[in-house]
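So this one's model-v8.txt, compact mmCIF, C-alpha atoms:
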```txt
# COMPACT_ATOMS: atom_id res chain seq x y z
CA MET A 99 -25.90 11.24 -0.46
CA THR A 100 -27.12 8.48 1.85
CA PRO A 101 -27.75 5.29 -0.11
CA GLU A 102 -31.04 3.43 0.03
CA TYR A 103 -30.81 0.20 1.98
CA ASP A 104 -32.76 -2.95 1.26
CA ASP A 105 -34.90 -4.77 3.78
CA PRO A 106 -32.91 -7.76 5.12
CA VAL A 107 -35.88 -10.10 4.73
CA GLU A 108 -36.33 -9.11 1.08
CA VAL A 109 -32.63 -9.71 0.45
CA ALA A 110 -32.94 -13.18 2.01
CA GLU A 111 -35.89 -13.89 -0.27
CA ALA A 112 -33.81 -12.81 -3.28
CA VAL A 113 -31.09 -15.29 -2.26
CA MET A 114 -33.68 -18.04 -1.85
CA ALA A 115 -34.78 -17.34 -5.43
CA LEU A 116 -31.27 -18.00 -6.82
CA PRO A 117 -30.54 -21.32 -8.56
CA ALA A 118 -30.26 -23.88 -5.79
CA PRO A 119 -28.22 -24.52 -3.88
CA PRO A 120 -26.50 -21.14 -3.58
CA LEU A 121 -23.08 -20.74 -2.03
CA VAL A 122 -23.69 -18.16 0.71
CA GLY A 123 -20.54 -16.14 1.36
CA PHE A 124 -19.53 -13.46 3.85
CA ASP A 125 -16.69 -11.13 4.69
CA VAL A 126 -16.11 -10.85 8.47
CA ASP A 127 -15.14 -7.38 9.68
CA GLY A 128 -17.85 -4.86 8.91
CA VAL A 129 -20.25 -7.67 7.97
CA LEU A 130 -20.48 -10.40 10.62
CA ALA A 131 -18.57 -8.32 13.17
CA PRO A 132 -18.68 -4.52 13.60
CA ILE A 133 -15.57 -2.55 12.70
CA VAL A 134 -13.54 -1.75 15.82
CA ALA A 135 -10.45 0.36 16.44
CA HIS A 136 -8.20 -2.64 17.12
CA ALA A 137 -8.62 -5.85 15.14
CA ALA A 138 -8.01 -8.05 18.20
CA ASP A 139 -11.17 -6.63 19.83
CA ALA A 140 -13.51 -7.69 17.02
CA ALA A 141 -16.33 -10.10 17.84
CA LEU A 142 -19.23 -11.63 15.95
CA LEU A 143 -22.59 -10.13 16.82
CA PRO A 144 -24.73 -12.27 19.15
CA GLY A 145 -26.39 -15.17 17.39
CA VAL A 146 -24.34 -14.89 14.20
CA LEU A 147 -22.21 -18.01 14.68
CA ALA A 148 -25.21 -20.16 15.64
CA ARG A 149 -27.08 -19.02 12.53
CA LEU A 150 -24.10 -19.66 10.28
CA ILE A 151 -23.83 -23.19 11.68
CA GLN A 152 -27.54 -23.75 11.08
CA LEU A 153 -27.29 -22.30 7.57
CA ALA A 154 -24.41 -24.64 6.72
CA LYS A 155 -26.72 -27.61 7.33
CA HIS A 156 -28.71 -26.60 4.25
CA VAL A 157 -26.38 -24.75 1.83
CA PRO A 158 -22.61 -24.29 1.35
CA VAL A 159 -21.37 -21.41 3.53
CA ALA A 160 -18.08 -19.58 2.98
CA VAL A 161 -16.16 -16.93 4.90
CA VAL A 162 -13.54 -14.92 3.00
CA SER A 163 -11.59 -12.35 5.01
CA GLY A 164 -8.55 -10.17 4.81
CA ARG A 165 -7.51 -11.61 8.17
CA ALA A 166 -4.98 -14.43 8.22
CA VAL A 167 -6.45 -17.91 8.69
CA ALA A 168 -4.74 -18.21 12.08
CA ASP A 169 -6.39 -14.98 13.22
CA LEU A 170 -9.81 -16.09 11.96
CA ALA A 171 -9.67 -18.99 14.45
CA ARG A 172 -10.73 -16.50 17.16
CA PHE A 173 -14.26 -16.50 15.73
CA GLY A 174 -14.82 -20.24 16.05
CA PHE A 175 -16.05 -21.05 12.54
CA PRO A 176 -16.59 -24.85 12.49
CA ALA A 177 -15.37 -27.25 9.81
CA SER A 178 -18.79 -27.15 8.12
CA ILE A 179 -17.97 -23.58 6.98
CA MET A 180 -15.32 -23.00 4.30
CA VAL A 181 -12.77 -20.39 5.39
CA ALA A 182 -10.30 -18.36 3.33
CA GLY A 183 -7.96 -15.75 4.77
CA SER A 184 -5.47 -13.13 3.59
CA HIS A 185 -7.90 -12.07 0.84
CA GLY A 186 -7.90 -15.59 -0.56
CA ALA A 187 -4.18 -16.32 -0.34
CA GLU A 188 -4.85 -18.85 2.45
CA ARG A 189 -7.41 -21.63 2.84
CA ARG A 190 -8.09 -23.30 6.15
CA GLY A 191 -7.10 -26.94 6.02
CA LEU A 192 -4.86 -26.51 3.01
CA PRO A 193 -1.08 -26.00 3.27
CA LEU A 194 0.27 -22.66 2.14
CA VAL A 195 2.55 -22.97 -0.87
CA PRO A 196 5.95 -21.67 0.35
CA LEU A 197 7.00 -18.27 -0.92
CA THR A 198 9.52 -18.33 -3.72
CA PRO A 199 12.88 -16.58 -3.15
CA VAL A 200 11.60 -13.64 -5.20
CA GLU A 201 8.39 -13.44 -3.15
CA SER A 202 10.35 -13.68 0.11
CA THR A 203 12.61 -10.81 -0.94
CA ARG A 204 9.56 -8.81 -1.98
CA LEU A 205 7.85 -9.46 1.37
CA SER A 206 10.92 -8.25 3.27
CA ARG A 207 10.85 -5.03 1.27
CA LEU A 208 7.14 -4.55 1.94
CA ARG A 209 7.61 -5.13 5.66
CA SER A 210 10.28 -2.45 5.74
CA LEU A 211 7.99 0.01 3.96
CA ALA A 212 5.12 -0.73 6.36
CA ALA A 213 7.36 -0.26 9.41
CA THR A 214 8.47 3.13 8.10
CA ALA A 215 4.85 4.12 7.47
CA ALA A 216 3.87 3.13 11.02
CA ASP A 217 6.61 5.39 12.40
CA GLU A 218 5.34 8.22 10.20
CA ALA A 219 1.75 7.65 11.35
CA GLY A 220 2.82 7.93 14.99
CA PRO A 221 1.26 6.58 18.21
CA GLY A 222 -1.67 4.21 17.65
CA ALA A 223 -0.45 2.93 14.29
CA TRP A 224 0.75 -0.64 14.15
CA VAL A 225 1.84 -3.31 11.68
CA GLU A 226 0.30 -6.75 11.26
CA HIS A 227 2.34 -9.53 9.66
CA LYS A 228 0.72 -12.21 7.50
CA PRO A 229 2.20 -15.22 5.66
CA THR A 230 2.14 -13.43 2.30
CA GLY A 231 1.81 -9.76 3.24
CA VAL A 232 1.93 -6.98 5.77
CA VAL A 233 -0.75 -4.54 6.96
CA LEU A 234 -0.54 -0.99 8.28
CA HIS A 235 -3.36 -0.19 10.75
CA ILE A 236 -4.11 3.49 11.38
CA ARG A 237 -7.54 3.50 13.04
CA GLU A 238 -6.05 4.41 16.43
CA SER A 239 -3.55 6.97 15.14
CA ASN A 240 -3.99 10.70 14.60
CA PRO A 241 -6.42 10.86 11.64
CA GLU A 242 -4.49 13.37 9.52
CA ARG A 243 -1.05 11.99 10.27
CA GLY A 244 -2.20 8.39 9.87
CA GLN A 245 -3.94 9.02 6.57
CA ALA A 246 -0.93 10.87 5.18
CA ALA A 247 1.32 7.94 6.07
CA ALA A 248 -1.15 5.47 4.57
CA ASP A 249 -1.36 7.45 1.34
CA ARG A 250 2.43 7.49 1.06
CA LEU A 251 2.57 3.76 1.70
CA VAL A 252 0.10 3.13 -1.11
CA GLY A 253 2.31 5.11 -3.47
CA VAL A 254 5.61 3.45 -2.58
CA GLY A 255 3.99 0.02 -2.36
CA ARG A 256 2.82 0.28 -5.95
CA LEU A 257 6.41 0.88 -7.02
CA VAL A 258 7.50 -2.56 -5.77
CA ALA A 259 7.49 -4.89 -8.77
CA GLY A 260 5.03 -7.77 -8.38
CA ALA A 261 3.44 -6.41 -5.19
CA GLN A 262 -0.29 -5.91 -4.70
CA VAL A 263 -1.70 -2.98 -2.69
CA LYS A 264 -5.07 -3.35 -0.98
CA GLN A 265 -6.83 -0.51 0.84
CA GLY A 266 -9.58 -0.90 3.42
CA HIS A 267 -11.20 0.77 6.42
CA GLY A 268 -8.21 2.30 8.20
CA VAL A 269 -5.75 -0.20 6.73
CA VAL A 270 -3.29 -0.56 3.86
CA GLU A 271 -2.12 -4.06 2.99
CA LEU A 272 0.91 -4.85 0.87
CA VAL A 273 0.95 -8.36 -0.58
CA ALA A 274 3.95 -10.24 -1.91
CA ARG A 275 1.84 -12.91 -3.62
CA PRO A 276 -1.22 -11.51 -5.41
CA ALA A 277 -4.58 -13.01 -4.47
CA SER A 278 -8.23 -11.97 -4.49
CA LYS A 279 -11.43 -12.76 -2.68
CA ALA A 280 -13.06 -13.31 -6.05
CA THR A 281 -10.69 -16.16 -6.87
CA ALA A 282 -11.30 -17.71 -3.44
CA ILE A 283 -15.08 -17.53 -3.80
CA ARG A 284 -14.97 -19.08 -7.26
CA ALA A 285 -12.78 -21.94 -5.98
CA MET A 286 -15.24 -22.58 -3.12
CA TRP A 287 -18.17 -22.42 -5.54
CA ASP A 288 -16.49 -25.03 -7.73
CA GLU A 289 -15.67 -27.31 -4.78
CA SER A 290 -19.14 -27.06 -3.27
CA GLY A 291 -21.06 -27.84 -6.43
CA ALA A 292 -23.31 -24.85 -5.79
CA ALA A 293 -25.50 -23.56 -8.61
CA SER A 294 -25.10 -19.86 -7.74
CA VAL A 295 -23.33 -17.46 -5.38
CA SER A 296 -24.48 -14.80 -2.95
CA TYR A 297 -21.81 -12.75 -1.21
CA VAL A 298 -21.96 -10.06 1.49
CA GLY A 299 -19.07 -7.61 1.82
CA ASP A 300 -18.40 -4.06 2.92
CA ASP A 301 -14.98 -3.04 1.66
CA VAL A 302 -12.93 -2.28 -1.44
CA THR A 303 -11.53 -5.81 -1.64
CA ASP A 304 -15.08 -7.23 -1.69
CA GLU A 305 -15.74 -5.34 -4.90
CA ASP A 306 -13.52 -7.90 -6.67
CA VAL A 307 -16.14 -10.51 -5.77
CA PHE A 308 -19.09 -8.35 -6.78
CA ARG A 309 -17.56 -7.63 -10.19
CA SER A 310 -16.92 -11.34 -10.77
CA LEU A 311 -20.52 -12.42 -10.16
CA THR A 312 -22.71 -13.63 -13.02
CA PRO A 313 -26.35 -12.66 -13.72
CA VAL A 314 -27.56 -15.67 -11.68
CA ASP A 315 -25.56 -14.57 -8.60
CA LEU A 316 -26.21 -11.84 -6.04
CA GLY A 317 -23.81 -9.30 -4.52
CA ILE A 318 -24.78 -7.55 -1.28
CA ARG A 319 -22.89 -4.47 -0.09
CA VAL A 320 -22.95 -3.48 3.59
CA GLY A 321 -22.91 0.26 4.28
CA PRO A 322 -22.24 3.20 1.96
CA GLY A 323 -19.78 3.48 -0.90
CA SER A 324 -19.71 2.92 -4.61
CA THR A 325 -20.38 -0.72 -5.43
CA ALA A 326 -20.96 -3.28 -8.17
CA ALA A 327 -23.35 -5.14 -5.83
CA THR A 328 -27.05 -5.02 -6.67
CA ARG A 329 -28.34 -5.13 -3.09
CA ARG A 330 -27.30 -3.16 -0.01
CA LEU A 331 -27.69 -3.69 3.75
CA ALA A 332 -27.18 -0.90 6.27
CA ASP A 333 -24.80 -2.49 8.79
CA PRO A 334 -23.81 -5.74 10.55
CA THR A 335 -27.05 -5.65 12.55
CA ALA A 336 -28.96 -5.78 9.27
CA VAL A 337 -26.74 -8.71 8.24
CA THR A 338 -27.86 -10.62 11.35
CA GLU A 339 -31.47 -10.02 10.32
CA TYR A 340 -30.65 -11.27 6.82
CA LEU A 341 -29.07 -14.38 8.33
CA ARG A 342 -32.07 -14.94 10.59
CA ALA A 343 -34.43 -14.72 7.59
CA LEU A 344 -32.31 -17.15 5.55
CA VAL A 345 -32.26 -19.72 8.36
CA ASP A 346 -36.00 -19.34 8.96
CA ARG A 347 -36.79 -20.02 5.31
CA LEU A 348 -34.42 -22.95 4.97
CA GLY A 349 -35.54 -24.43 8.27
```

Please express the file's structure as structure tokens.
Amino acid sequence: MTPEYDDPVEVAEAVMALPAPPLVGFDVDGVLAPIVAHAADAALLPGVLARLIQLAKHVPVAVVSGRAVADLARFGFPASIMVAGSHGAERRGLPLVPLTPVESTRLSRLRSLAATAADEAGPGAWVEHKPTGVVLHIRESNPERGQAAADRLVGVGRLVAGAQVKQGHGVVELVARPASKATAIRAMWDESGAASVSYVGDDVTDEDVFRSLTPVDLGIRVGPGSTAATRRLADPTAVTEYLRALVDRLG
């Protein structure tokens, strides 16, 4: 069943009605940038960065992504925007706490499992390495073969003591040091002094944020899928309209 999507302007008005100032948060891929076959080809939709910069002049703005902080640099988010990567395990401008010997051993094991899964998935599958985890990408592989390999990786990854398994659109991430977007958003909320939180996300890992929100906050899901969010936008184009409406009202 196709879900009902909210009007972007009405969603912006709902955010403006939150206790002020709200922390306005976003995922990147599937929200500010359309999902693409290869992560390196992703780009923000036209006008998005300019509106985020304008928005940050009025309210705290946060970006929380599964991408590593170093990879997020490609999008050009300025210092006025708080940035967290690796599902909250990294914060831009803050040093990463070194992995413990146990975490390092765990990460080596996870990298080996991901490499095996990429071989099983065949041509088009590839492995991305992050400071605290490893990601299998299968969007460009044979759909059946890639999904079978991803499903096996989820199973064996969950058998590694202390590891965290995160599934997304065409990806499986194995993490040696558990983290969550919800924890990152709450830390940014605390640092910013915001009175409430609005967050826009499109994937399974964003549900951690939606479930953590209080009655005075607002979760906004992009696209279909079961969600704990109370509002829903159709796609990244609708997110740009939401952003435009927010900036217009604050301006």

For this session: For CA of Thr338 in chain A and CA of Ala154 in chain A, determine how far apart the two atoms are, in Å to one decimal place.
Result: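 Computed distance, CA of Thr338 in chain A to CA of Ala154 in chain A, equals 15.2 Å.
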
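Note that the spacing between CA of Ile318 in chain A and CA of Tyr103 in chain A amounts to 10.3 Å.
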
Problem set entry | Test item: residues at most 12 Å from Arg342 in chain A, all atoms listed in the file, excluding those fewer than 2 positions along its chain, as a list in words |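 In the requested form, the answer reads Pro106, Val107, Glu108, Val109, Ala110, Glu111, Pro144, Gly145, Val146, Leu147, Ala148, Arg149, Leu150, Ile151, Gln152, Leu153, Thr335, Ala336, Val337, Thr338, Glu339, Tyr340, Leu344, Val345, Asp346, Arg347, Leu348 and Gly349 of chain A.
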
Those same residues, written as a short mmCIF file (atom, residue, chain, number, x, y, z; two decimals), keeping the file's coordinate frame with C-alpha atoms?
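New file out.cif:
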```cif
data_model
loop_
_atom_site.label_atom_id
_atom_site.label_comp_id
_atom_site.auth_asym_id
_atom_site.auth_seq_id
_atom_site.Cartn_x
_atom_site.Cartn_y
_atom_site.Cartn_z
CA PRO A 106 -32.91 -7.76 5.12
CA VAL A 107 -35.88 -10.10 4.73
CA GLU A 108 -36.33 -9.11 1.08
CA VAL A 109 -32.63 -9.71 0.45
CA ALA A 110 -32.94 -13.18 2.01
CA GLU A 111 -35.89 -13.89 -0.27
CA PRO A 144 -24.73 -12.27 19.15
CA GLY A 145 -26.39 -15.17 17.39
CA VAL A 146 -24.34 -14.89 14.20
CA LEU A 147 -22.21 -18.01 14.68
CA ALA A 148 -25.21 -20.16 15.64
CA ARG A 149 -27.08 -19.02 12.53
CA LEU A 150 -24.10 -19.66 10.28
CA ILE A 151 -23.83 -23.19 11.68
CA GLN A 152 -27.54 -23.75 11.08
CA LEU A 153 -27.29 -22.30 7.57
CA THR A 335 -27.05 -5.65 12.55
CA ALA A 336 -28.96 -5.78 9.27
CA VAL A 337 -26.74 -8.71 8.24
CA THR A 338 -27.86 -10.62 11.35
CA GLU A 339 -31.47 -10.02 10.32
CA TYR A 340 -30.65 -11.27 6.82
CA LEU A 344 -32.31 -17.15 5.55
CA VAL A 345 -32.26 -19.72 8.36
CA ASP A 346 -36.00 -19.34 8.96
CA ARG A 347 -36.79 -20.02 5.31
CA LEU A 348 -34.42 -22.95 4.97
CA GLY A 349 -35.54 -24.43 8.27
#
```

For this session: Give the answer as one residue: which of A:Glu238, A:Trp224, A:Thr303, A:Leu208 has the shortest atom-to-atom distance to Leu272 in chain A, using all atoms listed in the file?
Result: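 Answer, going by the shortest atom-to-atom distance: A:Leu208.
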
Exercise. Closest to Ser178 in chain A among A:Ser310, A:Thr328, A:Ser163, A:Ser290, using all atoms listed in the file?
Worked result: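 Answer, going by the shortest atom-to-atom distance: A:Ser290.
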